[in-house]
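Data from model.cif: mmCIF, C-alpha atoms and all ligand atoms
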```cif
data_work
#
loop_
_atom_site.label_atom_id
_atom_site.label_comp_id
_atom_site.auth_asym_id
_atom_site.auth_seq_id
_atom_site.Cartn_x
_atom_site.Cartn_y
_atom_site.Cartn_z
CA MET D 214 -0.69 -6.40 21.68
CA SER D 215 -3.61 -4.32 20.49
CA ASP D 216 -2.16 -1.20 22.13
CA ASP D 217 0.39 -0.79 19.38
CA ILE D 218 -1.82 -2.02 16.54
CA PHE D 219 -4.67 0.47 16.84
CA ILE D 220 -4.47 4.24 17.10
CA THR D 221 -8.16 4.45 17.94
CA GLU D 222 -10.02 1.45 19.28
CA GLU D 223 -13.68 1.97 18.69
CA ARG D 224 -16.31 -0.56 17.62
CA ILE D 225 -18.44 0.62 14.76
CA GLU D 226 -21.25 -1.83 14.12
CA GLY D 227 -22.45 -2.32 10.55
CA ALA D 228 -25.83 -3.45 9.23
CA GLU D 229 -27.40 -6.51 10.82
CA ASP D 230 -26.86 -8.75 7.90
CA GLY D 231 -24.82 -8.79 4.75
CA PRO D 232 -21.86 -10.71 3.32
CA LEU D 233 -19.53 -9.54 6.12
CA ALA D 234 -21.96 -9.99 9.05
CA GLY D 235 -20.05 -11.30 12.05
CA LYS D 236 -16.68 -10.31 10.58
CA THR D 237 -14.37 -7.84 12.30
CA VAL D 238 -12.34 -5.41 10.22
CA ALA D 239 -9.42 -3.10 11.07
CA VAL D 240 -9.24 0.09 8.97
CA LYS D 241 -6.01 1.94 8.20
CA ASP D 242 -6.01 5.34 9.84
CA ASN D 243 -5.85 7.30 6.57
CA ILE D 244 -9.35 6.10 5.59
CA SER D 245 -12.05 8.49 6.81
CA THR D 246 -14.55 7.24 9.40
CA ASP D 247 -17.52 9.46 10.25
CA GLY D 248 -17.20 10.69 13.84
CA VAL D 249 -14.12 8.57 14.53
CA ARG D 250 -10.64 10.08 14.73
CA THR D 251 -8.55 9.62 11.58
CA THR D 252 -4.95 10.65 12.15
CA CYS D 253 -2.84 9.33 9.24
CA GLY D 254 -0.33 8.42 11.95
CA SER D 255 0.53 12.11 12.21
CA ARG D 256 0.61 14.72 14.94
CA MET D 257 -0.81 17.04 12.26
CA LEU D 258 -4.14 15.19 12.39
CA GLU D 259 -3.97 13.98 16.00
CA ASP D 260 -7.42 15.43 16.78
CA TYR D 261 -9.03 15.28 13.34
CA VAL D 262 -12.51 13.73 13.27
CA PRO D 263 -13.94 13.40 9.74
CA PRO D 264 -17.57 14.44 9.20
CA TYR D 265 -18.15 11.66 6.64
CA ASP D 266 -17.30 8.06 5.76
CA ALA D 267 -14.99 7.00 2.97
CA THR D 268 -16.91 5.04 0.33
CA VAL D 269 -15.15 1.82 1.38
CA VAL D 270 -16.26 2.39 4.97
CA SER D 271 -19.90 2.91 3.94
CA ARG D 272 -19.65 -0.30 1.95
CA LEU D 273 -18.21 -2.17 4.97
CA LYS D 274 -21.08 -0.95 7.11
CA ASP D 275 -23.68 -1.89 4.49
CA ALA D 276 -22.09 -5.34 4.24
CA GLY D 277 -22.59 -5.93 7.97
CA ALA D 278 -18.95 -5.73 9.05
CA THR D 279 -17.90 -4.56 12.51
CA ILE D 280 -15.01 -2.11 12.41
CA VAL D 281 -12.86 -2.75 15.49
CA GLY D 282 -10.33 0.05 15.23
CA LYS D 283 -8.20 2.42 13.21
CA ALA D 284 -4.89 0.78 12.48
CA ASN D 285 -1.42 2.25 12.98
CA MET D 286 0.56 3.30 9.89
CA ASP D 287 3.60 5.19 8.72
CA GLU D 288 2.88 8.91 8.84
CA PHE D 289 0.70 9.77 5.80
CA GLY D 290 1.67 6.37 4.32
CA MET D 291 5.30 7.35 3.91
CA GLY D 292 7.40 4.40 4.93
CA THR D 293 8.00 0.69 4.82
CA THR D 294 8.10 -0.20 8.52
CA THR D 295 5.28 1.68 10.38
CA GLU D 296 8.06 3.24 12.46
CA THR D 297 7.40 6.77 11.18
CA SER D 298 4.02 6.82 12.97
CA TYR D 299 3.74 9.68 15.49
CA PHE D 300 1.96 7.19 17.76
CA GLY D 301 4.87 4.75 17.96
CA GLU D 302 5.96 1.51 16.33
CA THR D 303 3.94 -1.70 15.89
CA ASP D 304 5.53 -5.06 16.63
CA ASN D 305 5.23 -7.90 14.11
CA PRO D 306 3.00 -10.66 15.56
CA ALA D 307 4.51 -13.23 13.17
CA ALA D 308 8.10 -12.23 14.00
CA PRO D 309 8.24 -10.42 17.35
CA GLY D 310 11.01 -7.82 17.56
CA HIS D 311 10.71 -7.11 13.84
CA VAL D 312 8.81 -4.45 11.92
CA PRO D 313 5.39 -5.41 10.52
CA GLY D 314 6.21 -3.67 7.24
CA GLY D 315 4.54 -0.52 6.06
CA SER D 316 2.93 1.65 5.58
CA SER D 317 -0.21 -0.36 6.48
CA GLY D 318 1.64 -2.22 9.27
CA GLY D 319 -1.16 -1.96 11.84
CA SER D 320 -3.68 -3.44 9.41
CA ALA D 321 -1.53 -6.48 8.58
CA ALA D 322 -0.56 -6.95 12.24
CA ALA D 323 -4.23 -6.85 13.30
CA VAL D 324 -4.99 -9.79 11.01
CA ALA D 325 -1.80 -11.67 11.91
CA ALA D 326 -2.51 -11.28 15.65
CA GLY D 327 -6.16 -12.32 15.26
CA GLU D 328 -7.34 -8.88 16.45
CA ALA D 329 -9.46 -8.59 13.30
CA ASP D 330 -10.63 -11.10 10.70
CA LEU D 331 -9.93 -8.69 7.88
CA ALA D 332 -8.31 -5.31 7.34
CA LEU D 333 -8.10 -2.43 4.88
CA GLY D 334 -4.85 -0.75 3.92
CA SER D 335 -3.74 1.52 1.10
CA ASP D 336 -1.00 0.80 -1.40
CA THR D 337 0.80 3.69 -3.10
CA GLY D 338 4.03 1.82 -3.70
CA GLY D 339 3.64 -1.44 -1.81
CA SER D 340 1.97 -0.49 1.44
CA VAL D 341 -0.49 -3.38 1.38
CA ARG D 342 1.82 -6.00 -0.12
CA CYS D 343 4.88 -5.26 2.04
CA PRO D 344 3.13 -5.63 5.42
CA ALA D 345 1.23 -8.66 4.12
CA ALA D 346 4.56 -10.28 3.24
CA PHE D 347 6.26 -9.31 6.51
CA CYS D 348 3.34 -10.47 8.71
CA GLY D 349 2.63 -13.70 6.82
CA VAL D 350 -0.87 -12.74 5.64
CA VAL D 351 -2.51 -12.07 2.26
CA GLY D 352 -2.80 -8.56 0.78
CA ILE D 353 -4.22 -7.34 -2.53
CA LYS D 354 -3.31 -4.16 -4.41
CA PRO D 355 -6.20 -3.66 -6.85
CA THR D 356 -5.95 -2.28 -10.39
CA TYR D 357 -5.96 1.52 -10.36
CA GLY D 358 -9.62 2.52 -10.59
CA LEU D 359 -11.16 -0.68 -9.19
CA VAL D 360 -11.72 0.69 -5.68
CA SER D 361 -12.98 4.16 -4.76
CA ARG D 362 -10.48 6.52 -3.13
CA TYR D 363 -13.21 8.86 -1.89
CA GLY D 364 -12.37 9.53 1.75
CA LEU D 365 -8.83 8.17 1.53
CA ILE D 366 -6.53 10.96 2.68
CA ALA D 367 -4.28 11.32 -0.34
CA TYR D 368 -0.54 10.70 -0.45
CA GLY D 369 0.09 9.96 -4.15
CA ASN D 370 -3.26 10.06 -5.96
CA SER D 371 -2.09 8.73 -9.32
CA LEU D 372 -0.52 5.66 -7.69
CA GLU D 373 -2.68 4.54 -4.81
CA GLN D 374 -5.51 2.13 -4.20
CA ILE D 375 -7.20 0.87 -1.05
CA GLY D 376 -6.71 -2.88 -0.69
CA PRO D 377 -7.81 -5.78 1.55
CA PHE D 378 -5.92 -8.07 3.95
CA GLY D 379 -7.00 -11.51 5.11
CA GLU D 380 -5.52 -14.66 6.55
CA THR D 381 -6.42 -16.52 3.38
CA VAL D 382 -6.78 -15.44 -0.25
CA GLU D 383 -10.49 -16.22 -0.08
CA ASP D 384 -10.93 -13.93 2.95
CA ALA D 385 -9.15 -11.04 1.24
CA ALA D 386 -11.15 -11.68 -1.94
CA GLN D 387 -14.40 -11.55 0.00
CA LEU D 388 -13.46 -8.11 1.30
CA LEU D 389 -12.48 -7.02 -2.22
CA ASP D 390 -15.96 -8.03 -3.39
CA VAL D 391 -17.45 -5.56 -0.92
CA ILE D 392 -15.18 -2.57 -1.65
CA ALA D 393 -14.66 -2.90 -5.44
CA GLY D 394 -16.76 -1.12 -8.03
CA SER D 395 -17.51 2.27 -9.47
CA ASP D 396 -18.33 5.28 -7.34
CA ASP D 397 -19.81 8.60 -8.49
CA ARG D 398 -17.65 10.33 -5.92
CA ASP D 399 -14.38 9.14 -7.45
CA ALA D 400 -14.22 9.88 -11.17
CA THR D 401 -11.18 7.62 -11.58
CA THR D 402 -13.18 4.48 -10.71
CA ARG D 403 -14.24 2.05 -13.40
CA SER D 404 -17.13 -0.39 -13.58
CA GLU D 405 -15.09 -3.58 -14.05
CA GLY D 406 -15.59 -4.67 -10.44
CA ASP D 407 -19.32 -3.92 -10.27
CA ASP D 408 -20.44 -7.49 -10.93
CA ALA D 409 -17.25 -9.41 -10.23
CA ASN D 410 -17.22 -12.29 -7.76
CA TYR D 411 -13.71 -12.46 -6.40
CA ALA D 412 -14.31 -14.90 -3.54
CA ASP D 413 -15.67 -17.48 -5.98
CA ALA D 414 -12.44 -17.22 -7.96
CA ALA D 415 -10.42 -18.64 -5.03
CA THR D 416 -10.42 -22.17 -6.41
CA GLY D 417 -6.67 -22.77 -6.28
CA ASP D 418 -6.78 -24.04 -9.86
CA VAL D 419 -3.42 -23.34 -11.53
CA ASP D 420 -3.53 -26.10 -14.10
CA GLY D 421 -2.09 -24.71 -17.34
CA LEU D 422 -1.22 -21.31 -15.80
CA SER D 423 1.88 -19.78 -17.33
CA ILE D 424 4.01 -17.79 -14.88
CA GLY D 425 6.63 -15.29 -16.02
CA VAL D 426 9.50 -14.62 -13.63
CA PRO D 427 11.08 -11.18 -14.27
CA THR D 428 14.79 -11.80 -13.73
CA GLU D 429 15.37 -8.18 -12.69
CA LEU D 430 13.14 -8.67 -9.62
CA LEU D 431 15.42 -11.41 -8.24
CA GLU D 432 18.64 -9.44 -8.64
CA GLY D 433 20.03 -8.25 -5.34
CA ALA D 434 17.39 -10.10 -3.31
CA ASP D 435 18.30 -11.90 -0.08
CA GLU D 436 19.36 -15.51 -0.70
CA GLY D 437 16.95 -17.07 1.78
CA VAL D 438 14.09 -15.03 0.31
CA VAL D 439 14.93 -16.21 -3.21
CA GLU D 440 15.15 -19.83 -2.07
CA THR D 441 11.74 -19.65 -0.41
CA PHE D 442 10.35 -17.99 -3.54
CA TRP D 443 11.52 -20.88 -5.77
CA GLU D 444 10.07 -23.44 -3.35
CA ALA D 445 6.67 -21.76 -3.68
CA LEU D 446 6.97 -21.74 -7.48
CA ASP D 447 7.81 -25.45 -7.40
CA GLU D 448 4.63 -26.01 -5.46
CA LEU D 449 2.64 -24.21 -8.16
CA GLU D 450 4.43 -26.26 -10.81
CA GLU D 451 3.46 -29.49 -9.06
CA ARG D 452 -0.14 -28.36 -9.35
CA GLY D 453 0.07 -27.87 -13.10
CA ALA D 454 1.53 -24.38 -13.63
CA THR D 455 4.63 -23.72 -15.73
CA TYR D 456 7.17 -20.95 -15.36
CA HIS D 457 9.75 -19.24 -17.51
CA GLU D 458 11.95 -16.17 -17.30
CA VAL D 459 10.81 -12.82 -18.68
CA SER D 460 12.46 -9.41 -18.64
CA LEU D 461 11.38 -5.96 -17.42
CA PRO D 462 14.43 -3.88 -18.38
CA SER D 463 12.91 -0.55 -17.28
CA VAL D 464 12.40 -1.55 -13.65
CA GLU D 465 15.95 -0.50 -12.82
CA HIS D 466 14.56 3.07 -13.01
CA ALA D 467 11.31 2.32 -11.16
CA VAL D 468 12.37 3.24 -7.62
CA GLU D 469 13.74 6.62 -8.73
CA ALA D 470 10.70 7.36 -10.89
CA TYR D 471 8.30 6.28 -8.15
CA TYR D 472 9.90 8.46 -5.47
CA VAL D 473 9.99 11.55 -7.70
CA ILE D 474 6.29 11.13 -8.61
CA ALA D 475 5.15 10.11 -5.10
CA MET D 476 7.03 12.97 -3.41
CA SER D 477 5.79 15.50 -5.97
CA GLU D 478 2.18 14.45 -5.45
CA ALA D 479 2.72 14.39 -1.68
CA SER D 480 4.11 17.93 -1.64
CA SER D 481 1.00 19.17 -3.38
CA ASN D 482 -1.46 17.04 -1.36
CA LEU D 483 0.01 17.96 2.01
CA ALA D 484 -0.14 21.70 1.26
CA ARG D 485 -3.71 21.67 2.60
CA PHE D 486 -2.46 20.99 6.12
CA ASP D 487 -1.73 24.52 7.21
CA GLY D 488 -3.21 24.50 10.70
CA VAL D 489 -6.02 26.82 9.57
CA ARG D 490 -8.51 24.67 7.68
CA TYR D 491 -7.04 21.38 8.83
CA GLY D 492 -4.68 20.03 11.33
CA HIS D 493 -2.35 20.97 14.12
CA SER D 494 -2.01 24.65 14.83
CA GLY D 495 0.86 26.25 16.70
CA GLY D 496 -1.24 29.41 17.22
CA TYR D 497 -1.40 32.72 15.30
CA ASP D 498 0.94 35.52 16.25
CA GLY D 499 0.25 38.12 13.56
CA ASN D 500 2.42 36.66 10.79
CA TRP D 501 0.80 34.10 8.47
CA ASN D 502 4.03 32.81 6.96
CA GLU D 503 5.38 31.99 10.38
CA THR D 504 2.04 30.57 11.48
CA PHE D 505 1.97 28.08 8.59
CA ALA D 506 5.63 27.25 9.05
CA ARG D 507 5.16 26.56 12.74
CA ALA D 508 2.10 24.35 12.19
CA ARG D 509 4.10 22.22 9.74
CA GLU D 510 7.31 22.26 11.74
CA GLU D 511 5.43 20.91 14.78
CA GLY D 512 2.84 18.81 12.96
CA PHE D 513 4.95 16.79 10.50
CA GLY D 514 7.65 14.22 11.27
CA ASP D 515 11.08 14.08 9.61
CA GLU D 516 10.21 11.65 6.80
CA VAL D 517 7.17 13.70 5.75
CA LYS D 518 9.24 16.91 5.78
CA ARG D 519 11.95 15.27 3.68
CA ARG D 520 9.39 14.25 1.06
CA VAL D 521 7.54 17.58 0.95
CA LEU D 522 10.87 19.37 0.46
CA LEU D 523 12.13 17.01 -2.25
CA GLY D 524 8.75 16.94 -3.99
CA THR D 525 8.50 20.74 -4.01
CA TYR D 526 12.00 20.88 -5.48
CA ALA D 527 11.17 18.35 -8.22
CA LEU D 528 8.12 20.37 -9.26
CA SER D 529 9.77 23.80 -9.18
CA ALA D 530 10.36 25.83 -12.32
CA GLY D 531 13.63 24.86 -13.92
CA TYR D 532 13.63 21.35 -12.42
CA HIS D 533 10.19 20.14 -13.48
CA ASP D 534 11.39 18.77 -16.84
CA LYS D 535 14.58 17.37 -15.40
CA TYR D 536 12.90 15.34 -12.65
CA TYR D 537 9.10 15.17 -12.78
CA LYS D 538 8.71 14.88 -16.54
CA LYS D 539 11.55 12.38 -16.78
CA ALA D 540 9.92 10.28 -14.07
CA GLN D 541 6.66 10.32 -16.05
CA ASP D 542 8.56 9.11 -19.13
CA ALA D 543 10.07 6.27 -17.08
CA ARG D 544 6.57 5.43 -15.83
CA ALA D 545 5.33 5.04 -19.41
CA TRP D 546 8.28 2.79 -20.17
CA VAL D 547 7.58 0.60 -17.12
CA LYS D 548 3.94 0.24 -18.23
CA GLN D 549 5.05 -0.82 -21.69
CA ASP D 550 7.43 -3.45 -20.28
CA PHE D 551 4.67 -4.98 -18.15
CA ASP D 552 2.32 -5.11 -21.15
CA GLU D 553 4.96 -6.97 -23.08
CA ALA D 554 5.84 -9.41 -20.29
CA LEU D 555 2.14 -10.09 -19.68
CA SER D 556 1.71 -10.97 -23.33
CA GLU D 557 4.18 -13.80 -22.72
CA ALA D 558 2.69 -15.11 -19.47
CA ASP D 559 -0.65 -15.16 -17.60
CA VAL D 560 0.86 -13.73 -14.41
CA LEU D 561 4.27 -12.51 -13.25
CA ALA D 562 5.85 -13.79 -10.03
CA SER D 563 8.57 -12.41 -7.74
CA PRO D 564 9.35 -12.16 -4.06
CA THR D 565 7.10 -9.37 -2.69
CA MET D 566 10.00 -7.87 -0.73
CA PRO D 567 13.64 -8.56 -1.57
CA VAL D 568 14.45 -8.83 2.14
CA PRO D 569 12.88 -10.40 5.24
CA PRO D 570 11.42 -8.06 7.90
CA PHE D 571 13.98 -5.72 9.51
CA GLU D 572 14.50 -5.72 13.24
CA LEU D 573 12.66 -2.89 14.97
CA GLY D 574 14.87 0.23 14.89
CA GLU D 575 17.35 -1.32 12.44
CA SER D 576 16.46 0.73 9.38
CA LEU D 577 15.47 4.07 10.87
CA ASP D 578 18.66 5.93 9.95
CA ASP D 579 18.90 4.75 6.38
CA PRO D 580 16.07 6.08 4.22
CA LEU D 581 17.81 5.04 1.01
CA GLN D 582 17.99 1.40 2.10
CA LEU D 583 14.26 1.53 2.78
CA TYR D 584 13.43 3.12 -0.57
CA LEU D 585 15.39 0.37 -2.34
CA ALA D 586 13.45 -2.31 -0.45
CA ASP D 587 10.42 -1.18 -2.52
CA ALA D 588 12.09 -2.37 -5.75
CA ASN D 589 9.58 -5.15 -6.46
CA THR D 590 6.39 -3.39 -5.40
CA VAL D 591 6.62 0.17 -6.83
CA PRO D 592 6.81 -0.88 -10.52
CA VAL D 593 3.29 -2.32 -10.20
CA ASN D 594 1.87 1.03 -9.02
CA LEU D 595 3.66 2.85 -11.84
CA ALA D 596 1.94 0.43 -14.26
CA ASP D 597 -1.53 0.75 -12.56
CA LEU D 598 -1.75 -3.08 -12.39
CA PRO D 599 -3.21 -5.47 -9.79
CA ALA D 600 -1.00 -7.61 -7.56
CA ILE D 601 -1.37 -9.95 -4.63
CA SER D 602 1.07 -10.95 -1.90
CA VAL D 603 0.60 -14.44 -0.52
CA PRO D 604 2.70 -16.24 2.12
CA ALA D 605 5.41 -18.31 0.42
CA GLY D 606 7.09 -19.76 3.50
CA GLU D 607 9.85 -18.61 5.84
CA THR D 608 13.55 -17.91 5.90
CA ASP D 609 15.23 -18.20 9.33
CA GLY D 610 11.78 -18.15 10.90
CA LEU D 611 10.82 -14.88 9.15
CA PRO D 612 7.85 -14.69 6.75
CA VAL D 613 8.46 -14.38 3.00
CA GLY D 614 5.79 -13.21 0.55
CA LEU D 615 5.26 -14.20 -3.06
CA GLN D 616 3.94 -11.43 -5.33
CA LEU D 617 1.80 -12.21 -8.37
CA VAL D 618 1.07 -9.42 -10.87
CA GLY D 619 -1.66 -9.62 -13.52
CA PRO D 620 -3.13 -7.59 -16.36
CA ALA D 621 -5.42 -4.63 -15.60
CA PHE D 622 -8.63 -5.85 -13.92
CA GLY D 623 -7.18 -9.40 -13.82
CA GLU D 624 -7.85 -9.75 -10.06
CA GLU D 625 -9.82 -12.99 -10.52
CA ARG D 626 -6.86 -14.62 -12.23
CA LEU D 627 -4.53 -13.57 -9.39
CA ILE D 628 -6.94 -14.79 -6.74
CA ARG D 629 -7.36 -18.15 -8.49
CA ALA D 630 -3.59 -18.66 -8.70
CA ALA D 631 -2.66 -17.34 -5.24
CA SER D 632 -5.31 -19.45 -3.54
CA ALA D 633 -3.25 -22.53 -4.46
CA LEU D 634 -0.80 -21.35 -1.75
CA ALA D 635 -3.00 -19.92 1.04
N1 LIG R 701 7.28 2.50 0.98
C1 LIG R 701 6.63 3.28 -0.03
C2 LIG R 701 6.71 4.73 0.32
O1 LIG R 701 7.20 5.02 1.35
C3 LIG R 701 5.21 2.84 -0.18
C4 LIG R 701 4.24 3.57 0.62
C5 LIG R 701 2.80 3.26 0.32
O2 LIG R 701 2.49 2.38 -0.49
N2 LIG R 701 1.93 4.07 0.93
O3 LIG R 701 6.31 5.59 -0.41
#
```
Show the structure stored in the file as structure tokens.
Amino acid sequence: MSDDIFITEERIEGAEDGPLAGKTVAVKDNISTDGVRTTCGSRMLEDYVPPYDATVVSRLKDAGATIVGKANMDEFGMGTTTETSYFGETDNPAAPGHVPGGSSGGSAAAVAAGEADLALGSDTGGSVRCPAAFCGVVGIKPTYGLVSRYGLIAYGNSLEQIGPFGETVEDAAQLLDVIAGSDDRDATTRSEGDDANYADAATGDVDGLSIGVPTELLEGADEGVVETFWEALDELEERGATYHEVSLPSVEHAVEAYYVIAMSEASSNLARFDGVRYGHSGGYDGNWNETFARAREEGFGDEVKRRVLLGTYALSAGYHDKYYKKAQDARAWVKQDFDEALSEADVLASPTMPVPPFELGESLDDPLQLYLADANTVPVNLADLPAISVPAGETDGLPVGLQLVGPAFGEERLIRAASALA
């Protein structure tokens, strides 16, 4: 099993003691590890060995964790199935023959298969929550600015956060305790997590909790998924929570806005991979334009090329206002809607993914279908908010995740509520 979970299997021992002593951790392969290959699931970085650790990796080491490998992922984080990895697909340990979700599929699969106690992923538009849901484990997408992105190879900087996976909410919260908090090397971090104690918040106490259910996030979802979702909400109700419907009218534009912003940021971030300073080189033959073009032609896969092309188009003169600026306006609207809904409820609940895991190979030819599967996760990144995916049950033997969304830096509230379920 581990063959398809890890791109690089290398044990990196942390400090002798610390809160994670004795724990094994899998690290997504877009998070830099000093002296250990970090590929982003791409041929472009097949041989890239970073000369430094990401801040989260230094914190893991200081906390006594043992890193057991670099986990497989969709190329540069672009995908929902881990099938766009240059190194091949990863099977889903909780539903063999199905995708583990993406883009942090290897990380979630490592925890689900028992290959690691904990794992780190990154979530630009759902890449921690989707694989958590598909593999039947817990995943947290922190508030933007809670966790340092220093050493995370960027896909969409304004959207993404590194987040933890665990088998239980308490496990994931314990890892969040180690990685959260301000960092001089990432000016977008904030100090809210510096003294937080997330693991202690995993009490499972939902007495009096008011849950808002955004009706828009149930529309178009698979029937079995919705049924499992309501069963989980009933369980929370039995423990003292209440729920009512709320509305997020702007989320019908969220997938479009997300993809315009994510692709635009990607096109600018990936420009550094030219085969000269970084990455795969097809060799120099006297013409720099052709040299760059060849490095990218050979180094990037189809999904990455599609996004760089579309993102470059959206940012180009004449189209910038029509696409990029409009997407930013939609983003502001989505944020406003969440603020309003969260003034009417403590947390918001929905299925994490509107569908159960696809069969391996099933979705490869239909990028649009995959983009639409992000409908419930991408709005949260547009709004910079925290969210957690926790196992809600199964439909036809396939795992279903429940997503809870909270106010900015409301991770403790999410952990308290989600720990009633796992
Ligand atoms: N599926 C989304 C995308 O392809 C999310 C990716 C992510 O969160 N890294 O962009």
Which residues, written as a PyMOL selection string, have at least one atom at most 8 Å from region 424-437 of chain D, with only C-alpha atoms counted and residues fewer than 6 positions away on the same chain left out? chain D and resi 454-462+464-465+554-555+557-564+567-569+588-589+608-609
Each residue of chain D with at least one atom at most 6 Å from ligand LIG 701 (chain R) should appear once, together with its nearest atom pair and the corresponding distance in Å (one decimal); atoms considered: only C-alpha atoms and all ligand atoms; ordering: chain, then increasing residue number; output as a tab-separated table.
```
residue	atom	partner	partner_atom	distance
D:Gly290	CA	R:LIG701	N2	4.1
D:Met291	CA	R:LIG701	O1	3.9
D:Gly292	CA	R:LIG701	O1	3.6
D:Thr293	CA	R:LIG701	N1	4.3
D:Ser316	CA	R:LIG701	N2	5.3
D:Asp336	CA	R:LIG701	O2	3.9
D:Thr337	CA	R:LIG701	O2	3.4
D:Gly338	CA	R:LIG701	O2	3.6
D:Gly339	CA	R:LIG701	O2	4.2
D:Ser340	CA	R:LIG701	O2	3.5
D:Asp587	CA	R:LIG701	N1	6.0
```
When you look at region 222-234 of chain D with a cut-off of 9 Å (counting all atoms listed in the file), what residues show up, excluding the ones that are within fewer than 5 positions of it in the same chain? I need them as a ChimeraX atom specification. /D:215-216,249,271,273-284,387-388,391
Quick one: residues within 8 Å of region 300-310 of chain D, all atoms listed in the file, excluding same-chain residues fewer than 4 positions away - as a PDB file with C-alpha atoms, keeping the file's coordinate frame?
```
ATOM      1  CA  ASP D 217       0.390  -0.790  19.380  1.00  0.00           C
ATOM      2  CA  ILE D 218      -1.820  -2.020  16.540  1.00  0.00           C
ATOM      3  CA  ILE D 220      -4.470   4.240  17.100  1.00  0.00           C
ATOM      4  CA  GLY D 254      -0.330   8.420  11.950  1.00  0.00           C
ATOM      5  CA  SER D 255       0.530  12.110  12.210  1.00  0.00           C
ATOM      6  CA  ASN D 285      -1.420   2.250  12.980  1.00  0.00           C
ATOM      7  CA  THR D 295       5.280   1.680  10.380  1.00  0.00           C
ATOM      8  CA  GLU D 296       8.060   3.240  12.460  1.00  0.00           C
ATOM      9  CA  GLY D 318       1.640  -2.220   9.270  1.00  0.00           C
ATOM     10  CA  GLY D 319      -1.160  -1.960  11.840  1.00  0.00           C
ATOM     11  CA  ALA D 322      -0.560  -6.950  12.240  1.00  0.00           C
ATOM     12  CA  ALA D 325      -1.800 -11.670  11.910  1.00  0.00           C
ATOM     13  CA  ALA D 326      -2.510 -11.280  15.650  1.00  0.00           C
ATOM     14  CA  PHE D 347       6.260  -9.310   6.510  1.00  0.00           C
ATOM     15  CA  CYS D 348       3.340 -10.470   8.710  1.00  0.00           C
ATOM     16  CA  GLY D 349       2.630 -13.700   6.820  1.00  0.00           C
ATOM     17  CA  GLU D 572      14.500  -5.720  13.240  1.00  0.00           C
ATOM     18  CA  LEU D 573      12.660  -2.890  14.970  1.00  0.00           C
ATOM     19  CA  GLY D 610      11.780 -18.150  10.900  1.00  0.00           C
ATOM     20  CA  LEU D 611      10.820 -14.880   9.150  1.00  0.00           C
ATOM     21  CA  PRO D 612       7.850 -14.690   6.750  1.00  0.00           C
TER      22      PRO D 612
END
```
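The smallest atom-to-atom distance between Ile628 (chain D) and any of D:Ala393, D:Ile601, D:Val262, D:Ala545, using only C-alpha atoms, is found for D:Ile601.
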Residues within 7 Å of (11.6, -17.8, 2.4), counting all atoms listed in the file, listed as an mmCIF file with C-alpha atoms, keeping the file's coordinate frame:
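Below is the file part-v8.cif, written as the result:
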```cif
data_model
loop_
_atom_site.group_PDB
_atom_site.id
_atom_site.type_symbol
_atom_site.label_atom_id
_atom_site.label_comp_id
_atom_site.auth_asym_id
_atom_site.auth_seq_id
_atom_site.Cartn_x
_atom_site.Cartn_y
_atom_site.Cartn_z
ATOM 1 C CA GLY D 437 16.950 -17.070 1.780
ATOM 2 C CA VAL D 438 14.090 -15.030 0.310
ATOM 3 C CA VAL D 439 14.930 -16.210 -3.210
ATOM 4 C CA GLU D 440 15.150 -19.830 -2.070
ATOM 5 C CA THR D 441 11.740 -19.650 -0.410
ATOM 6 C CA PHE D 442 10.350 -17.990 -3.540
ATOM 7 C CA ALA D 605 5.410 -18.310 0.420
ATOM 8 C CA GLY D 606 7.090 -19.760 3.500
ATOM 9 C CA GLU D 607 9.850 -18.610 5.840
ATOM 10 C CA THR D 608 13.550 -17.910 5.900
ATOM 11 C CA PRO D 612 7.850 -14.690 6.750
ATOM 12 C CA VAL D 613 8.460 -14.380 3.000
#
```
Distance query region 367-371 of chain D at most 8 Å, all atoms listed in the file, self and fewer than 2 positions along chain excluded, as a list in words: Phe289, Gly290, Thr337, Leu365, Glu373, Ile474, Ala475, Met476, Glu478, Ala479, Asn482 and Leu483 of chain D
For Gly495 (chain D), find every residue with an atom within 9 Å (counting all atoms listed in the file), except residues of its own chain fewer than 4 positions away, and show them as a list of chain:residue names. D:Gly488, D:Thr504, D:Phe505, D:Arg507, D:Ala508, D:Arg509, D:Glu511, D:Gly512
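For the point (-11.8, 6.5, -10.2), the residues with at least one atom inside 7 Å, counting only C-alpha atoms, are Gly358, Ser361, Asp399, Ala400, Thr401, Thr402 and Arg403 of chain D.
Distances here use only C-alpha atoms; by that measure, the residue among D:Phe513, D:Tyr526, D:Tyr411, D:Trp546 closest to Ser463 (chain D) is D:Trp546.
When CA of Thr590 (chain D) is paired with CA of Ala543 (chain D), their separation reads 15.6 Å.
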Which residue out of D:Val360, D:Ala414, D:Leu595, D:Ile366 has the minimum interatomic distance to Asp397 (chain D) when only C-alpha atoms are used? D:Val360
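Interatomic distance, CA of Lys535 (chain D) to CA of Glu288 (chain D): 28.2 Å.
Between CA of Arg629 (chain D) and CA of Gly235 (chain D) the interatomic distance comes to 25.1 Å.
Distances here use all atoms listed in the file; by that measure, the residue among D:Ser632, D:Ser529, D:Gln616, D:Ser298 closest to Gly379 (chain D) is D:Ser632.
Counting all atoms listed in the file and comparing D:Pro264, D:Pro580, D:Gly499, D:Gly364, the residue that lies closest to Asp515 (chain D) is D:Pro580.
Nearest to Gln541 (chain D) of all the residues D:Lys241, D:Ser477, D:Pro377, D:Gly421 is D:Ser477, counting all atoms listed in the file.
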